[in-house]
Amino acid sequence: MANRPGGELATRPLHFIWICDCSGSMASEGKIQALNTAIRESLPAMKKVAAENPNAQVFLRAIKFASDAEWITSKAEPVDQYKWFDLVANGETRMGKALSLVADALKIPPMTDRALPPVLVLISDGQPTDDFDNGLKQLMNQQWGKKAVRIAIAIGRDADLDVLQKFIGHSELKPFEAKNAEMLVQQIKWVSTAVVQSVSAPASQAPGQVGPGINVPIPKAPDNIVNSTPGSEVW
Amino acid sequence: MNQLLKQNQKIVSSNGIEYAVKDFLGDGTQGEVYRVTTSGKDLALKWYKQGFATKEQWDVLQNLITIGPPTAQFLWPIELVKINNIPGFGYIMPLRGSNYKGLIDLMKGKIDPSFNVLITAGFQLADNYFHLHSLGLCYSDINFGNAFFDPNIGEVLICDNDNVVVNKSDLGSVNGTLYFMAPEIVRGEARPSRDTDLYSLSVLLFYILHISHPLEGKKQSAIHAWDYPAMLKIFGKEPVFIFDPNDNSNRPDPEVHKCAETYWNIYPKFMKNLFTRAFTDGLKDPENGRVQENEWRSSLIRLRDSTIYCQKCGSENFYDLDAIRENPSFNTKCWNCKSNISIPSRIKINSIIAMLNYNTILYQHHLDGMSYNFEKKVAQMSSNPKNPDIWGLKNLTDVTWVAEKPDNSKIEVKPGQTIPLMSGLIIDFGISKGEIRN
């Protein structure tokens with residue numbers, strides 16, 4: 001017999017989507033392996049943050065883009081059941097198509113009309129080879145696209161920072177620059193934890209600290225994540 | 001795993017105590033926590049991540065170490081440690097036992113403690129924060145993540161004490177989340193203080209007893225994107241209690257907030273009144289409108305004393321004297337099986353009324369209305385070994401009671417003896433008298 005009426009706290013879904021560049025250039029210098037390792041290693045910490053926020057139900061999905069763009073898993077998985085399957089790199093950089101796939105996933109339906117802001121993380125080492133602007137426009141035409149927290153990680157020195165900044169859409173938040181594997185691991189981990197935490201349960205902010213148009217205050221990333229850390233081969 | 005410290009890493013504190021790192025326990029925003037061992041005893045070490053090992057944090061910790069824990073239920077910094085050749089620092093604290101569960105497990109419905117256990121936990125939270133505030137400190141970050149309890153007995157532990165600062169010192173970083181923060185902090189008008197701690201405590205107690213947030217109702221579920229501006233509105237700019245007697249705009253949405261009404265209806269009026277004050281006056285008047293810790297303590301003890309058990313299904317329910325006085329034909333209905341519950345025997349000592357259930361224990365505060373000392377039992381219910389249907393109160397003190405029956409005859413009840421209960425019996429405990437009613 002139950003002691004009390006039971007029940008659990010009302011929750012809202014938090015959709016987290018990795019958008020991963022699998023173009024040919026990612027095959028060199030161990031970049032795709034570093035990305036696979038970084039995301040795989042980030043999962044336990046993300047699961048822990050999700051477990052500590054009973055008001056949020058975190059769902060994970062990922063898109064890979066190269067000469068085409070496709071979902072790695074067809075549906076959003078609850079974070080504690082999510083498994084990462086290693087990506088391989090080969091082909092072009094159809095980033096625009098990837099964003100249009102995200103746009104489709106953020107329509108209502110399949111999204112419900114009541115959720116936490118989605119988190120979209122675009123990771124790329126190069127320049128888009130398709131119509132990026134059109135893809136971004138489709139994304140931003142969706143209500144959930146507008147409300148999403150959009151983060152970008154630039155891998156190596158050839159990444160197109162302007163395009164990534166356009167994706168982010170707020171000048172206060174810059175793309176992370178992963179100059180080596182260690183930085184990528186730290187940045188991916190920070191995005192999976194600090195950003196998920198901020199969306200699930202934002203900390204209170206001093207007046208004026210949150211810029212206009214920012215709907216989720218992202219804490220400032222520690223210096224060692226943003227600036228160069230000594231490590232293995234620099235990309 | 002990239003951890004800051006390695007297993008078997010040796011650490012020697014400035015007091016000359018040597019610790020060895022055993023296991024990695026967890027990873028937070030500010031630092032990593034390890035199990036360490038010294039002289040055969042296991043403790044915990046929090047080692048700060050780069051950027052958080054600041055002089056300000058060192059000074060705060062040094063001050064806390066000097067002051068010492070308000071009670072043994074705070075997992076408090078014991079000493080600071082540095083390691084040669086590794087930048088930064090950490091601190092040693094007691095280890096949390098594995099029998100303690102987080103409040104998050106309660107919120108997710110993974111554990112089902114009794115009402116009695118939750119009331120005990122709620123009382124201990126109010127009591128411990130009272131002691132912290134009495135030292136002139138403020139916690140500033142009361143939330144789910146830093147309180148743990150034993151789901152069998154309700155014993156509480158309070159963790160993450162490295163952000164505790166002197167009340168109104170302006171030193172504390174505003175760490176808390178919007179769910180627990182006082183509206184004036186959410187609006188950016190104030191910094192953490194004892195007054196804002198009292199608000200956060202009231203939210204925590206509401207969550208524990210209702211598995212719901214006090215300000216999340218229809219107004220919140222009508223919002224599509226639950227982001228920072230939305231939370232600013234619901235928790236800061238336009239907060240409305242879900243059971244505000246004068247404003248029904250934010251009642252629980254039955255599709256979303258399924259627990260709120262269910263639990264609210266179980267508790268007696270005096271608890272409802274206290275929560276109502278916490279989230280009406282308490283929203284608007286930080287200095288004088290908030291429920292104080294001693295009010296939470298006495299009300300939670302009164303709630304525990306009001307426990308009655310359904311004769312049909314055994315579920316815990318609560319005696320509501322105010323409802324009975326308002327309407328003499330009021331029936332206490334079991335929340336579980338809906339049957340009417342007969343009110344058991346109870347004792348009235350001054351203004352305190354305690355139900356006399358099979359497991360009732362009376363403590364010193366039942367007699368003197370003052371000091372809470374749960375080590376000092378005064379009386380407990382005991383059944384007659386020859387006739388288990390006859391119940392009495394056993395004298396657990398070293399003072400002889402004098403019991404007066406309705407026919408005015410008197411009996412001595414020596415220490416260890418039990419006096420059978422009957423309606424109208426008056427027991428003189430020495431410092432106060434109690435009357436039994438059926």
# chains A, B, ... in the order shown; residues from 1 in each chain; ligands from 1
>>> closest_atom_pairs(of="chain A", to="chain B", cutoff="6 Å", atoms="only C-alpha atoms", output="tab-separated table")
residue	atom	partner	partner_atom	distance
A:Asn3	CA	B:Ser114	CA	5.1
A:Gly7	CA	B:Gly109	CA	5.8
A:Glu8	CA	B:Lys108	CA	4.8
A:Leu9	CA	B:Met107	CA	5.4
A:Ala10	CA	B:His257	CA	5.8
A:Asp113	CA	B:His224	CA	5.5
A:Arg114	CA	B:His224	CA	4.3
A:Ala115	CA	B:Ala225	CA	5.6
A:Leu116	CA	B:Trp226	CA	4.9
A:Ala201	CA	B:Thr177	CA	5.8
A:Pro202	CA	B:Thr177	CA	5.6
A:Ala203	CA	B:Thr177	CA	4.2
A:Ser204	CA	B:Leu178	CA	5.6
A:Ala206	CA	B:Gly188	CA	5.1
A:Pro207	CA	B:Gly188	CA	5.1
A:Asn215	CA	B:Tyr228	CA	5.3
A:Val216	CA	B:Tyr228	CA	5.3
>>> select_by_dssp(residues="stretch 139-246 of chain B", states="strand (DSSP E or B)", output="list in words")
Ala147, Phe148, Phe149, Val156, Leu157, Ile158, Val165, Val166, Thr177 and Ala225 of chain B
>>> residues_around(residues="B:Lys101", least_positions_apart="3", cutoff="7 Å", atoms="only C-alpha atoms", output="short mmCIF file (atom, residue, chain, number, x, y, z; two decimals) with C-alpha atoms, in the first residue's frame")
data_model
loop_
_atom_site.label_atom_id
_atom_site.label_comp_id
_atom_site.auth_asym_id
_atom_site.auth_seq_id
_atom_site.Cartn_x
_atom_site.Cartn_y
_atom_site.Cartn_z
CA ASP B 105 14.23 11.39 -5.67
CA PHE B 148 19.33 14.98 1.83
CA PHE B 149 17.20 12.88 4.13
CA ASP B 150 16.89 9.34 5.42
CA PRO B 151 13.60 8.15 3.89
#
>>> residues_around(residues="B:Met93", least_positions_apart="6", cutoff="7 Å", atoms="only C-alpha atoms", output="list of chain:residue names")
B:Leu43, B:Ala44, B:Leu45, B:Leu75, B:Trp76, B:Pro77, B:Ile78
>>> closest_residue(among="B:Arg96, B:Lys46, B:Arg194, B:Lys376", to="B:Leu80", atoms="only C-alpha atoms")
B:Lys46
>>> residues_around(residues="stretch 122-129 of chain A", least_positions_apart="5", cutoff="6 Å", atoms="only C-alpha atoms", output="PyMOL selection string")
chain A and resi 19-21+93-95+152-156+158-160
>>> write_last_selection(atoms="C-alpha atoms", output="tab-separated table (two decimals), in the first residue's frame")
chain	number	residue	atom	x	y	z
A	19	ILE	CA	24.49	19.12	-35.38
A	20	CYS	CA	27.78	17.56	-36.52
A	21	ASP	CA	29.99	18.29	-39.50
A	93	THR	CA	29.44	20.36	-45.93
A	94	ARG	CA	25.69	20.65	-46.38
A	95	MET	CA	25.14	22.72	-43.27
A	152	ALA	CA	28.46	26.83	-32.10
A	153	ILE	CA	31.83	25.14	-31.87
A	154	ALA	CA	34.42	25.87	-34.53
A	155	ILE	CA	36.93	23.07	-34.97
A	156	GLY	CA	40.32	24.12	-36.25
A	158	ASP	CA	39.41	26.79	-41.30
A	159	ALA	CA	35.99	26.99	-39.68
A	160	ASP	CA	33.74	29.78	-40.89
>>> residues_around(residues="stretch 136-140 of chain B", least_positions_apart="2", cutoff="10 Å", atoms="only C-alpha atoms", output="number ranges by chain")
B: 64, 67, 70, 129-134, 142-143, 160-169, 172-176, 180-181, 191-198, 200
